[in-house]
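For reference, input10.pdb (PDB, C-alpha atoms):
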```pdb
ATOM      1  CA  ILE P   1      78.226 123.267 -42.798  1.00  0.00           C
ATOM      2  CA  TYR P   2      77.334 125.733 -40.082  1.00  0.00           C
ATOM      3  CA  LEU P   3      77.039 125.411 -36.317  1.00  0.00           C
ATOM      4  CA  LEU P   4      74.727 127.849 -34.610  1.00  0.00           C
ATOM      5  CA  THR P   5      75.475 127.868 -30.897  1.00  0.00           C
ATOM      6  CA  CYS P   6      73.275 129.317 -28.236  1.00  0.00           C
ATOM      7  CA  PRO P   7      73.502 129.025 -24.437  1.00  0.00           C
ATOM      8  CA  ALA P   8      70.656 126.766 -23.280  1.00  0.00           C
ATOM      9  CA  ALA P   9      69.469 129.296 -20.703  1.00  0.00           C
ATOM     10  CA  MET P  10      68.736 131.813 -23.492  1.00  0.00           C
ATOM     11  CA  GLY P  11      66.342 131.568 -26.399  1.00  0.00           C
ATOM     12  CA  PRO P  12      67.916 131.502 -29.861  1.00  0.00           C
ATOM     13  CA  ASN P  13      65.428 134.004 -31.265  1.00  0.00           C
ATOM     14  CA  GLY P  14      67.568 136.915 -30.037  1.00  0.00           C
ATOM     15  CA  SER P  15      70.725 135.587 -31.664  1.00  0.00           C
ATOM     16  CA  VAL P  16      72.510 137.724 -34.254  1.00  0.00           C
ATOM     17  CA  ALA P  17      73.974 134.532 -35.724  1.00  0.00           C
ATOM     18  CA  LEU P  18      70.475 133.068 -36.145  1.00  0.00           C
ATOM     19  CA  ASP P  19      69.343 136.216 -37.942  1.00  0.00           C
ATOM     20  CA  MET P  20      72.278 135.825 -40.315  1.00  0.00           C
ATOM     21  CA  VAL P  21      71.520 132.122 -40.939  1.00  0.00           C
ATOM     22  CA  ILE P  22      67.896 132.960 -41.755  1.00  0.00           C
ATOM     23  CA  LYS P  23      68.734 135.984 -43.948  1.00  0.00           C
ATOM     24  CA  GLN P  24      71.276 133.933 -45.925  1.00  0.00           C
ATOM     25  CA  GLY P  25      68.911 130.935 -46.185  1.00  0.00           C
ATOM     26  CA  LEU P  26      71.374 128.554 -44.543  1.00  0.00           C
ATOM     27  CA  GLN P  27      68.924 126.634 -42.335  1.00  0.00           C
ATOM     28  CA  ALA P  28      69.270 123.393 -44.355  1.00  0.00           C
ATOM     29  CA  ARG P  29      73.053 123.408 -43.810  1.00  0.00           C
ATOM     30  CA  THR P  30      72.959 124.451 -40.160  1.00  0.00           C
ATOM     31  CA  VAL P  31      72.960 122.435 -36.962  1.00  0.00           C
ATOM     32  CA  GLY P  32      71.740 124.316 -33.908  1.00  0.00           C
ATOM     33  CA  VAL P  33      73.571 123.618 -30.649  1.00  0.00           C
ATOM     34  CA  PHE P  34      72.247 124.514 -27.229  1.00  0.00           C
ATOM     35  CA  THR P  35      75.389 124.733 -25.104  1.00  0.00           C
ATOM     36  CA  MET P  36      75.934 124.790 -21.340  1.00  0.00           C
ATOM     37  CA  CYS P  37      72.759 122.819 -20.611  1.00  0.00           C
ATOM     38  CA  ASP P  38      74.078 122.089 -17.122  1.00  0.00           C
ATOM     39  CA  GLU P  39      73.740 125.795 -16.374  1.00  0.00           C
ATOM     40  CA  ALA P  40      70.070 125.721 -17.399  1.00  0.00           C
ATOM     41  CA  ASP P  41      69.172 123.340 -14.608  1.00  0.00           C
ATOM     42  CA  SER P  42      66.067 124.963 -13.140  1.00  0.00           C
ATOM     43  CA  GLU P  43      62.762 123.197 -13.888  1.00  0.00           C
ATOM     44  CA  ARG P  44      61.567 126.142 -16.002  1.00  0.00           C
ATOM     45  CA  GLN P  45      64.760 126.288 -18.065  1.00  0.00           C
ATOM     46  CA  ARG P  46      64.727 122.509 -18.522  1.00  0.00           C
ATOM     47  CA  ASN P  47      61.147 122.620 -19.819  1.00  0.00           C
ATOM     48  CA  LEU P  48      62.026 125.428 -22.220  1.00  0.00           C
ATOM     49  CA  LEU P  49      64.996 123.432 -23.484  1.00  0.00           C
ATOM     50  CA  LEU P  50      62.795 120.377 -24.072  1.00  0.00           C
ATOM     51  CA  GLN P  51      60.285 122.502 -25.963  1.00  0.00           C
ATOM     52  CA  ARG P  52      63.062 124.036 -28.054  1.00  0.00           C
ATOM     53  CA  LEU P  53      64.490 120.629 -28.943  1.00  0.00           C
ATOM     54  CA  ALA P  54      61.099 119.164 -29.908  1.00  0.00           C
ATOM     55  CA  PRO P  55      59.765 121.621 -32.563  1.00  0.00           C
ATOM     56  CA  VAL P  56      61.887 120.111 -35.312  1.00  0.00           C
ATOM     57  CA  ALA P  57      59.743 116.986 -35.127  1.00  0.00           C
ATOM     58  CA  THR P  58      56.489 118.957 -35.176  1.00  0.00           C
ATOM     59  CA  GLY P  59      57.623 121.781 -37.458  1.00  0.00           C
ATOM     60  CA  GLY P  60      56.510 124.323 -34.874  1.00  0.00           C
ATOM     61  CA  ASP P  61      58.127 127.302 -33.254  1.00  0.00           C
ATOM     62  CA  ALA P  62      57.798 126.969 -29.490  1.00  0.00           C
ATOM     63  CA  ASN P  63      59.240 129.460 -27.048  1.00  0.00           C
ATOM     64  CA  GLY P  64      61.800 130.896 -29.380  1.00  0.00           C
ATOM     65  CA  ALA P  65      62.859 127.616 -30.997  1.00  0.00           C
ATOM     66  CA  VAL P  66      63.548 128.085 -34.655  1.00  0.00           C
ATOM     67  CA  PRO P  67      63.328 124.941 -36.770  1.00  0.00           C
ATOM     68  CA  LEU P  68      66.580 124.224 -38.580  1.00  0.00           C
ATOM     69  CA  ALA P  69      65.364 121.493 -40.908  1.00  0.00           C
ATOM     70  CA  PRO P  70      66.502 118.875 -41.578  1.00  0.00           C
ATOM     71  CA  HIS P  71      69.224 118.719 -38.889  1.00  0.00           C
ATOM     72  CA  GLY P  72      67.563 120.559 -36.040  1.00  0.00           C
ATOM     73  CA  TRP P  73      68.942 121.395 -32.633  1.00  0.00           C
ATOM     74  CA  VAL P  74      71.192 119.390 -30.327  1.00  0.00           C
ATOM     75  CA  ALA P  75      71.765 119.953 -26.617  1.00  0.00           C
ATOM     76  CA  THR P  76      75.268 119.679 -25.158  1.00  0.00           C
ATOM     77  CA  MET P  77      76.727 119.849 -21.673  1.00  0.00           C
ATOM     78  CA  THR P  78      80.472 119.741 -21.194  1.00  0.00           C
ATOM     79  CA  ARG P  79      81.019 120.722 -17.602  1.00  0.00           C
ATOM     80  CA  PRO P  80      84.769 120.532 -16.864  1.00  0.00           C
ATOM     81  CA  GLU P  81      85.881 117.478 -14.941  1.00  0.00           C
ATOM     82  CA  LYS P  82      88.709 117.412 -12.409  1.00  0.00           C
ATOM     83  CA  GLU P  83      90.801 114.716 -14.122  1.00  0.00           C
ATOM     84  CA  GLU P  84      94.334 115.878 -14.941  1.00  0.00           C
ATOM     85  CA  ASN P  85      95.052 113.667 -17.952  1.00  0.00           C
ATOM     86  CA  GLY P  86      93.465 114.975 -21.164  1.00  0.00           C
ATOM     87  CA  PHE P  87      92.126 111.602 -22.345  1.00  0.00           C
ATOM     88  CA  LYS P  88      90.775 110.641 -18.916  1.00  0.00           C
ATOM     89  CA  ARG P  89      89.253 114.097 -18.559  1.00  0.00           C
ATOM     90  CA  LEU P  90      87.489 113.805 -21.926  1.00  0.00           C
ATOM     91  CA  ASN P  91      86.152 110.347 -21.018  1.00  0.00           C
ATOM     92  CA  ALA P  92      84.947 111.631 -17.653  1.00  0.00           C
ATOM     93  CA  GLN P  93      83.334 114.613 -19.359  1.00  0.00           C
ATOM     94  CA  SER P  94      81.592 112.344 -21.861  1.00  0.00           C
ATOM     95  CA  GLN P  95      80.280 110.042 -19.138  1.00  0.00           C
ATOM     96  CA  ALA P  96      79.098 112.985 -17.041  1.00  0.00           C
ATOM     97  CA  GLU P  97      77.257 114.446 -20.054  1.00  0.00           C
ATOM     98  CA  GLU P  98      75.614 111.102 -20.826  1.00  0.00           C
ATOM     99  CA  GLU P  99      74.461 110.622 -17.235  1.00  0.00           C
ATOM    100  CA  TRP P 100      73.264 114.209 -16.950  1.00  0.00           C
ATOM    101  CA  PHE P 101      71.092 113.951 -20.057  1.00  0.00           C
ATOM    102  CA  LYS P 102      69.757 110.485 -19.174  1.00  0.00           C
ATOM    103  CA  SER P 103      68.358 111.914 -15.952  1.00  0.00           C
ATOM    104  CA  ARG P 104      66.826 114.999 -17.589  1.00  0.00           C
ATOM    105  CA  ILE P 105      65.907 114.328 -21.224  1.00  0.00           C
ATOM    106  CA  PRO P 106      63.061 111.985 -22.238  1.00  0.00           C
ATOM    107  CA  ALA P 107      64.035 108.960 -24.331  1.00  0.00           C
ATOM    108  CA  ALA P 108      62.228 110.436 -27.370  1.00  0.00           C
ATOM    109  CA  LEU P 109      64.748 113.293 -27.446  1.00  0.00           C
ATOM    110  CA  ALA P 110      67.834 111.239 -26.554  1.00  0.00           C
ATOM    111  CA  GLY P 111      69.076 111.469 -30.154  1.00  0.00           C
ATOM    112  CA  ARG P 112      69.196 115.234 -29.744  1.00  0.00           C
ATOM    113  CA  ALA P 113      71.296 115.295 -26.585  1.00  0.00           C
ATOM    114  CA  GLY P 114      75.038 115.082 -26.143  1.00  0.00           C
ATOM    115  CA  CYS P 115      78.181 115.562 -28.147  1.00  0.00           C
ATOM    116  CA  GLY P 116      77.598 112.155 -29.775  1.00  0.00           C
ATOM    117  CA  ALA P 117      74.315 113.413 -31.250  1.00  0.00           C
ATOM    118  CA  LEU P 118      76.099 116.525 -32.482  1.00  0.00           C
ATOM    119  CA  MET P 119      78.847 114.436 -34.098  1.00  0.00           C
ATOM    120  CA  SER P 120      76.228 112.261 -35.831  1.00  0.00           C
ATOM    121  CA  ARG P 121      74.599 115.309 -37.391  1.00  0.00           C
ATOM    122  CA  LEU P 122      77.947 116.756 -38.461  1.00  0.00           C
ATOM    123  CA  GLU P 123      78.967 113.448 -40.026  1.00  0.00           C
ATOM    124  CA  GLU P 124      75.647 113.305 -41.862  1.00  0.00           C
ATOM    125  CA  LEU P 125      76.154 116.810 -43.221  1.00  0.00           C
ATOM    126  CA  PHE P 126      79.756 116.135 -44.202  1.00  0.00           C
ATOM    127  CA  HIS P 127      78.929 112.875 -45.987  1.00  0.00           C
ATOM    128  CA  GLY P 128      76.108 114.621 -47.830  1.00  0.00           C
ATOM    129  CA  TYR P 129      78.508 117.344 -48.921  1.00  0.00           C
ATOM    130  CA  LEU P 130      81.105 114.789 -50.050  1.00  0.00           C
ATOM    131  CA  LEU P 131      78.629 112.844 -52.139  1.00  0.00           C
ATOM    132  CA  ALA P 132      76.640 115.757 -53.568  1.00  0.00           C
ATOM    133  CA  THR P 133      79.354 118.363 -54.129  1.00  0.00           C
ATOM    134  CA  TRP P 134      82.914 117.268 -53.599  1.00  0.00           C
ATOM    135  CA  CYS P 135      82.789 113.877 -55.376  1.00  0.00           C
ATOM    136  CA  PRO P 136      81.204 115.122 -58.620  1.00  0.00           C
ATOM    137  CA  SER P 137      83.536 118.116 -58.729  1.00  0.00           C
ATOM    138  CA  THR P 138      86.579 115.928 -58.102  1.00  0.00           C
ATOM    139  CA  LEU P 139      85.533 113.447 -60.773  1.00  0.00           C
ATOM    140  CA  GLN P 140      85.162 116.271 -63.295  1.00  0.00           C
ATOM    141  CA  LYS P 141      88.654 117.477 -62.444  1.00  0.00           C
ATOM    142  CA  ILE P 142      90.068 113.951 -62.784  1.00  0.00           C
ATOM    143  CA  ALA P 143      88.419 113.513 -66.184  1.00  0.00           C
ATOM    144  CA  ALA P 144      89.750 116.912 -67.354  1.00  0.00           C
ATOM    145  CA  GLU P 145      93.269 116.039 -66.194  1.00  0.00           C
ATOM    146  CA  LEU P 146      93.070 112.661 -67.921  1.00  0.00           C
ATOM    147  CA  GLU P 147      92.176 114.397 -71.187  1.00  0.00           C
ATOM    148  CA  LYS P 148      95.119 116.788 -70.760  1.00  0.00           C
ATOM    149  CA  VAL P 149      97.490 113.883 -70.162  1.00  0.00           C
ATOM    150  CA  GLN P 150      96.178 112.096 -73.251  1.00  0.00           C
ATOM    151  CA  VAL P 151      96.797 115.235 -75.338  1.00  0.00           C
ATOM    152  CA  ASP P 152     100.295 115.603 -73.853  1.00  0.00           C
ATOM    153  CA  VAL P 153     101.104 111.961 -74.642  1.00  0.00           C
ATOM    154  CA  SER P 154     100.015 112.390 -78.258  1.00  0.00           C
ATOM    155  CA  LEU P 155     101.957 115.690 -78.592  1.00  0.00           C
ATOM    156  CA  LEU P 156     105.066 113.927 -77.330  1.00  0.00           C
ATOM    157  CA  GLY P 157     104.668 111.351 -80.078  1.00  0.00           C
ATOM    158  CA  GLY P 158     103.176 108.642 -77.959  1.00  0.00           C
ATOM    159  CA  PRO P 159     101.003 106.029 -79.589  1.00  0.00           C
ATOM    160  CA  ALA P 160      97.432 107.029 -80.313  1.00  0.00           C
ATOM    161  CA  LEU P 161      95.020 105.070 -78.207  1.00  0.00           C
ATOM    162  CA  GLN P 162      92.228 104.222 -80.615  1.00  0.00           C
ATOM    163  CA  GLY P 163      89.071 103.294 -78.775  1.00  0.00           C
ATOM    164  CA  GLU P 164      91.038 103.053 -75.549  1.00  0.00           C
ATOM    165  CA  PRO P 165      90.682 106.596 -74.145  1.00  0.00           C
ATOM    166  CA  GLN P 166      87.007 106.168 -73.342  1.00  0.00           C
ATOM    167  CA  ARG P 167      87.640 102.810 -71.678  1.00  0.00           C
ATOM    168  CA  ALA P 168      90.612 104.207 -69.754  1.00  0.00           C
ATOM    169  CA  ARG P 169      88.587 107.235 -68.757  1.00  0.00           C
ATOM    170  CA  GLY P 170      85.706 105.044 -67.586  1.00  0.00           C
ATOM    171  CA  PHE P 171      88.131 102.880 -65.616  1.00  0.00           C
ATOM    172  CA  ALA P 172      89.768 105.930 -64.000  1.00  0.00           C
ATOM    173  CA  VAL P 173      86.406 107.402 -63.052  1.00  0.00           C
ATOM    174  CA  ALA P 174      85.188 104.045 -61.683  1.00  0.00           C
ATOM    175  CA  GLU P 175      88.349 103.659 -59.587  1.00  0.00           C
ATOM    176  CA  ALA P 176      88.045 107.232 -58.337  1.00  0.00           C
ATOM    177  CA  LEU P 177      84.418 106.596 -57.371  1.00  0.00           C
ATOM    178  CA  LYS P 178      85.443 103.529 -55.345  1.00  0.00           C
ATOM    179  CA  VAL P 179      88.072 105.503 -53.455  1.00  0.00           C
ATOM    180  CA  LEU P 180      85.737 108.456 -52.882  1.00  0.00           C
ATOM    181  CA  ALA P 181      82.952 106.182 -51.652  1.00  0.00           C
ATOM    182  CA  GLN P 182      85.352 104.569 -49.168  1.00  0.00           C
ATOM    183  CA  LEU P 183      86.484 107.992 -47.953  1.00  0.00           C
ATOM    184  CA  ALA P 184      82.912 109.210 -47.575  1.00  0.00           C
ATOM    185  CA  TYR P 185      81.980 106.334 -45.290  1.00  0.00           C
ATOM    186  CA  CYS P 186      85.093 106.106 -43.117  1.00  0.00           C
TER     187      CYS P 186
END
```

Spell out the structure here as C-alpha cells.
Amino acid sequence: IYLLTCPAAMGPNGSVALDMVIKQGLQARTVGVFTMCDEADSERQRNLLLQRLAPVATGGDANGAVPLAPHGWVATMTRPEKEENGFKRLNAQSQAEEEWFKSRIPAALAGRAGCGALMSRLEELFHGYLLATWCPSTLQKIAAELEKVQVDVSLLGGPALQGEPQRARGFAVAEALKVLAQLAYC
C-alpha cells in the first residue's frame, strides 16, 4: 500500500515519487493524496484541484492529474486548530476540514475529499491485501505447522490418527478462516 502525496497547489506530474510509482507499476496499490488544499484556495487552484480529482472517473489525464486506478486521488486539508487538548484539536480539525470541503467541492466528488475518504481507501486496500495475500499465506503456514506437529506426535510415540488428520486439518483451517475473516472486517 502506497500513499503518493502532493501539495494541492502543485500538479503531481512533476513529482519524483509519481515517476517512481509509474516506473515500478504500483498505480493499482497507490492512493494519491492532494494535501494542504486550504492553501490552494484561489479560484484557479480550486478548479485545477477539481479537475485533478475527477479524471479517475473518466479515465482521463487533465491538467497534470495522473489516474491511479482503482483508488484514485483524495483531497485533504488539515489546517491546525487552536485547541490545546489533542482530542479536541483533532475533532476541531476534522470539523473544519468537513466544512471547508462542503463549501468548495461538488457533491459528486465528496467521496474524494477529507481524511475520512482517505481512510476509506486505505481500509479498502488493507482488507484487499489481507484477503488476497496475508490470509492464504497464513493458512498455508498453519497447515504446514499442523503437519509438523502431527509428525512430532507420531515420533514421540503418540497414537496414530487414522483418517483424523485430514478432518483435524480441515477443522483448523476452517477455524483460522473464521478468525481471519473477523480480523479483516474489524

Margin query: I'd like the contact shell of Phe34 (chain P) - 6 Å cut-off, all atoms listed in the file, skipping same-chain residues fewer than 4 positions apart - returned as number ranges by chain.
Written below: P: 5-8, 75

Please evaluate the PyMOL selection byres ((chain P and resi 84-100) around 10) against the displayed coordinates and give the resulting residues as a short mmCIF file (atom, residue, chain, number, x, y, z; two decimals) with C-alpha atoms, in the frame of the given file.
```
data_model
loop_
_atom_site.label_atom_id
_atom_site.label_comp_id
_atom_site.auth_asym_id
_atom_site.auth_seq_id
_atom_site.Cartn_x
_atom_site.Cartn_y
_atom_site.Cartn_z
CA CYS P 37 72.76 122.82 -20.61
CA ASP P 38 74.08 122.09 -17.12
CA THR P 76 75.27 119.68 -25.16
CA MET P 77 76.73 119.85 -21.67
CA THR P 78 80.47 119.74 -21.19
CA ARG P 79 81.02 120.72 -17.60
CA PRO P 80 84.77 120.53 -16.86
CA GLU P 81 85.88 117.48 -14.94
CA LYS P 82 88.71 117.41 -12.41
CA GLU P 83 90.80 114.72 -14.12
CA PHE P 101 71.09 113.95 -20.06
CA LYS P 102 69.76 110.48 -19.17
CA SER P 103 68.36 111.91 -15.95
CA ARG P 104 66.83 115.00 -17.59
CA ILE P 105 65.91 114.33 -21.22
CA ALA P 110 67.83 111.24 -26.55
CA ALA P 113 71.30 115.30 -26.58
CA GLY P 114 75.04 115.08 -26.14
CA CYS P 115 78.18 115.56 -28.15
CA GLY P 116 77.60 112.16 -29.78
#
```

Item checked: Picked residues, the PyMOL selection byres ((chain P and resi 40) around 9), expected as a ChimeraX atom specification -> /P:7-10,36-39,41-46,49

Check: Exactly which residues make up the result of the PyMOL selection byres ((chain P and resi 119-135) around 7) on this file, given as a ChimeraX atom specification?
Finding: /P:1,71,115-118,136-139,180,184

Notebook entry, point to check: Which residue gives the smallest distance to Ala143 (chain P) among P:Ser15, P:Gly72, P:Gly157, P:Glu175, with only C-alpha atoms counted?
Noted result: P:Glu175

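When only C-alpha atoms are used to compute distances to Gln27 (chain P), the closest of the residues P:Leu48, P:Leu68, P:Ala54, P:Ala108 turns out to be P:Leu68.
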
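Reported to one decimal place, the separation of CA of Pro67 (chain P) from CA of Val31 (chain P) is 10.0 Å.
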
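Across P:Arg52, P:Leu3, P:Pro70, P:Asn47, the tightest approach to Ala28 (chain P) is made by P:Pro70 when counting only C-alpha atoms.
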
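Here CA of Leu4 (chain P) stands at a distance of 13.3 Å from CA of Gly25 (chain P).
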
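Straight-line separation from CA of Gly14 (chain P) to CA of Leu109 (chain P): 23.9 Å.
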
Please define a box with edges along x, y and z of the file around all atoms of region 11-28 of chain P given in the file, extend it by 8 Å on each side, and return its centre and edge lengths in Å to one decimal, as AutoDock Vina command-line options.
```
--center_x 69.7 --center_y 130.6 --center_z -36.3 --size_x 24.5 --size_y 30.3 --size_z 35.8
```

N, CA, C and O atoms are what I want for region 17-31 of chain P; can you complete it accordingly and write them as a PDB file, keeping the file's coordinate frame?
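Below is the file part.pdb, written as the result:
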```pdb
ATOM      1  N   ALA P  17      73.555 135.613 -34.822  1.00  0.00           N
ATOM      2  CA  ALA P  17      73.974 134.532 -35.724  1.00  0.00           C
ATOM      3  C   ALA P  17      72.760 133.868 -36.366  1.00  0.00           C
ATOM      4  O   ALA P  17      72.775 133.555 -37.560  1.00  0.00           O
ATOM      5  N   LEU P  18      71.689 133.662 -35.591  1.00  0.00           N
ATOM      6  CA  LEU P  18      70.475 133.068 -36.145  1.00  0.00           C
ATOM      7  C   LEU P  18      69.873 133.972 -37.209  1.00  0.00           C
ATOM      8  O   LEU P  18      69.442 133.507 -38.262  1.00  0.00           O
ATOM      9  N   ASP P  19      69.850 135.270 -36.938  1.00  0.00           N
ATOM     10  CA  ASP P  19      69.343 136.216 -37.942  1.00  0.00           C
ATOM     11  C   ASP P  19      70.121 136.083 -39.245  1.00  0.00           C
ATOM     12  O   ASP P  19      69.542 136.089 -40.334  1.00  0.00           O
ATOM     13  N   MET P  20      71.433 135.952 -39.132  1.00  0.00           N
ATOM     14  CA  MET P  20      72.278 135.825 -40.315  1.00  0.00           C
ATOM     15  C   MET P  20      71.980 134.514 -41.056  1.00  0.00           C
ATOM     16  O   MET P  20      71.888 134.495 -42.284  1.00  0.00           O
ATOM     17  N   VAL P  21      71.827 133.418 -40.324  1.00  0.00           N
ATOM     18  CA  VAL P  21      71.520 132.122 -40.939  1.00  0.00           C
ATOM     19  C   VAL P  21      70.202 132.215 -41.711  1.00  0.00           C
ATOM     20  O   VAL P  21      70.102 131.750 -42.853  1.00  0.00           O
ATOM     21  N   ILE P  22      69.207 132.835 -41.112  1.00  0.00           N
ATOM     22  CA  ILE P  22      67.896 132.960 -41.755  1.00  0.00           C
ATOM     23  C   ILE P  22      67.978 133.881 -42.979  1.00  0.00           C
ATOM     24  O   ILE P  22      67.487 133.543 -44.057  1.00  0.00           O
ATOM     25  N   LYS P  23      68.621 135.040 -42.824  1.00  0.00           N
ATOM     26  CA  LYS P  23      68.734 135.984 -43.948  1.00  0.00           C
ATOM     27  C   LYS P  23      69.486 135.389 -45.135  1.00  0.00           C
ATOM     28  O   LYS P  23      69.179 135.676 -46.280  1.00  0.00           O
ATOM     29  N   GLN P  24      70.484 134.544 -44.858  1.00  0.00           N
ATOM     30  CA  GLN P  24      71.276 133.933 -45.925  1.00  0.00           C
ATOM     31  C   GLN P  24      70.657 132.619 -46.418  1.00  0.00           C
ATOM     32  O   GLN P  24      71.177 132.014 -47.354  1.00  0.00           O
ATOM     33  N   GLY P  25      69.575 132.173 -45.780  1.00  0.00           N
ATOM     34  CA  GLY P  25      68.911 130.935 -46.185  1.00  0.00           C
ATOM     35  C   GLY P  25      69.746 129.690 -45.946  1.00  0.00           C
ATOM     36  O   GLY P  25      69.737 128.766 -46.755  1.00  0.00           O
ATOM     37  N   LEU P  26      70.443 129.652 -44.827  1.00  0.00           N
ATOM     38  CA  LEU P  26      71.374 128.554 -44.543  1.00  0.00           C
ATOM     39  C   LEU P  26      70.802 127.500 -43.587  1.00  0.00           C
ATOM     40  O   LEU P  26      71.538 126.643 -43.120  1.00  0.00           O
ATOM     41  N   GLN P  27      69.505 127.550 -43.316  1.00  0.00           N
ATOM     42  CA  GLN P  27      68.924 126.634 -42.335  1.00  0.00           C
ATOM     43  C   GLN P  27      69.175 125.169 -42.684  1.00  0.00           C
ATOM     44  O   GLN P  27      69.431 124.358 -41.798  1.00  0.00           O
ATOM     45  N   ALA P  28      69.110 124.792 -43.955  1.00  0.00           N
ATOM     46  CA  ALA P  28      69.270 123.393 -44.355  1.00  0.00           C
ATOM     47  C   ALA P  28      70.696 122.888 -44.143  1.00  0.00           C
ATOM     48  O   ALA P  28      70.921 121.685 -44.097  1.00  0.00           O
ATOM     49  N   ARG P  29      71.657 123.816 -44.015  1.00  0.00           N
ATOM     50  CA  ARG P  29      73.053 123.408 -43.810  1.00  0.00           C
ATOM     51  C   ARG P  29      73.544 123.758 -42.415  1.00  0.00           C
ATOM     52  O   ARG P  29      74.739 123.812 -42.160  1.00  0.00           O
ATOM     53  N   THR P  30      72.600 124.004 -41.502  1.00  0.00           N
ATOM     54  CA  THR P  30      72.959 124.451 -40.160  1.00  0.00           C
ATOM     55  C   THR P  30      72.468 123.472 -39.113  1.00  0.00           C
ATOM     56  O   THR P  30      71.348 122.989 -39.176  1.00  0.00           O
ATOM     57  N   VAL P  31      73.329 123.216 -38.148  1.00  0.00           N
ATOM     58  CA  VAL P  31      72.960 122.435 -36.962  1.00  0.00           C
ATOM     59  C   VAL P  31      72.950 123.414 -35.797  1.00  0.00           C
ATOM     60  O   VAL P  31      73.936 124.117 -35.563  1.00  0.00           O
TER      61      VAL P  31
END
```
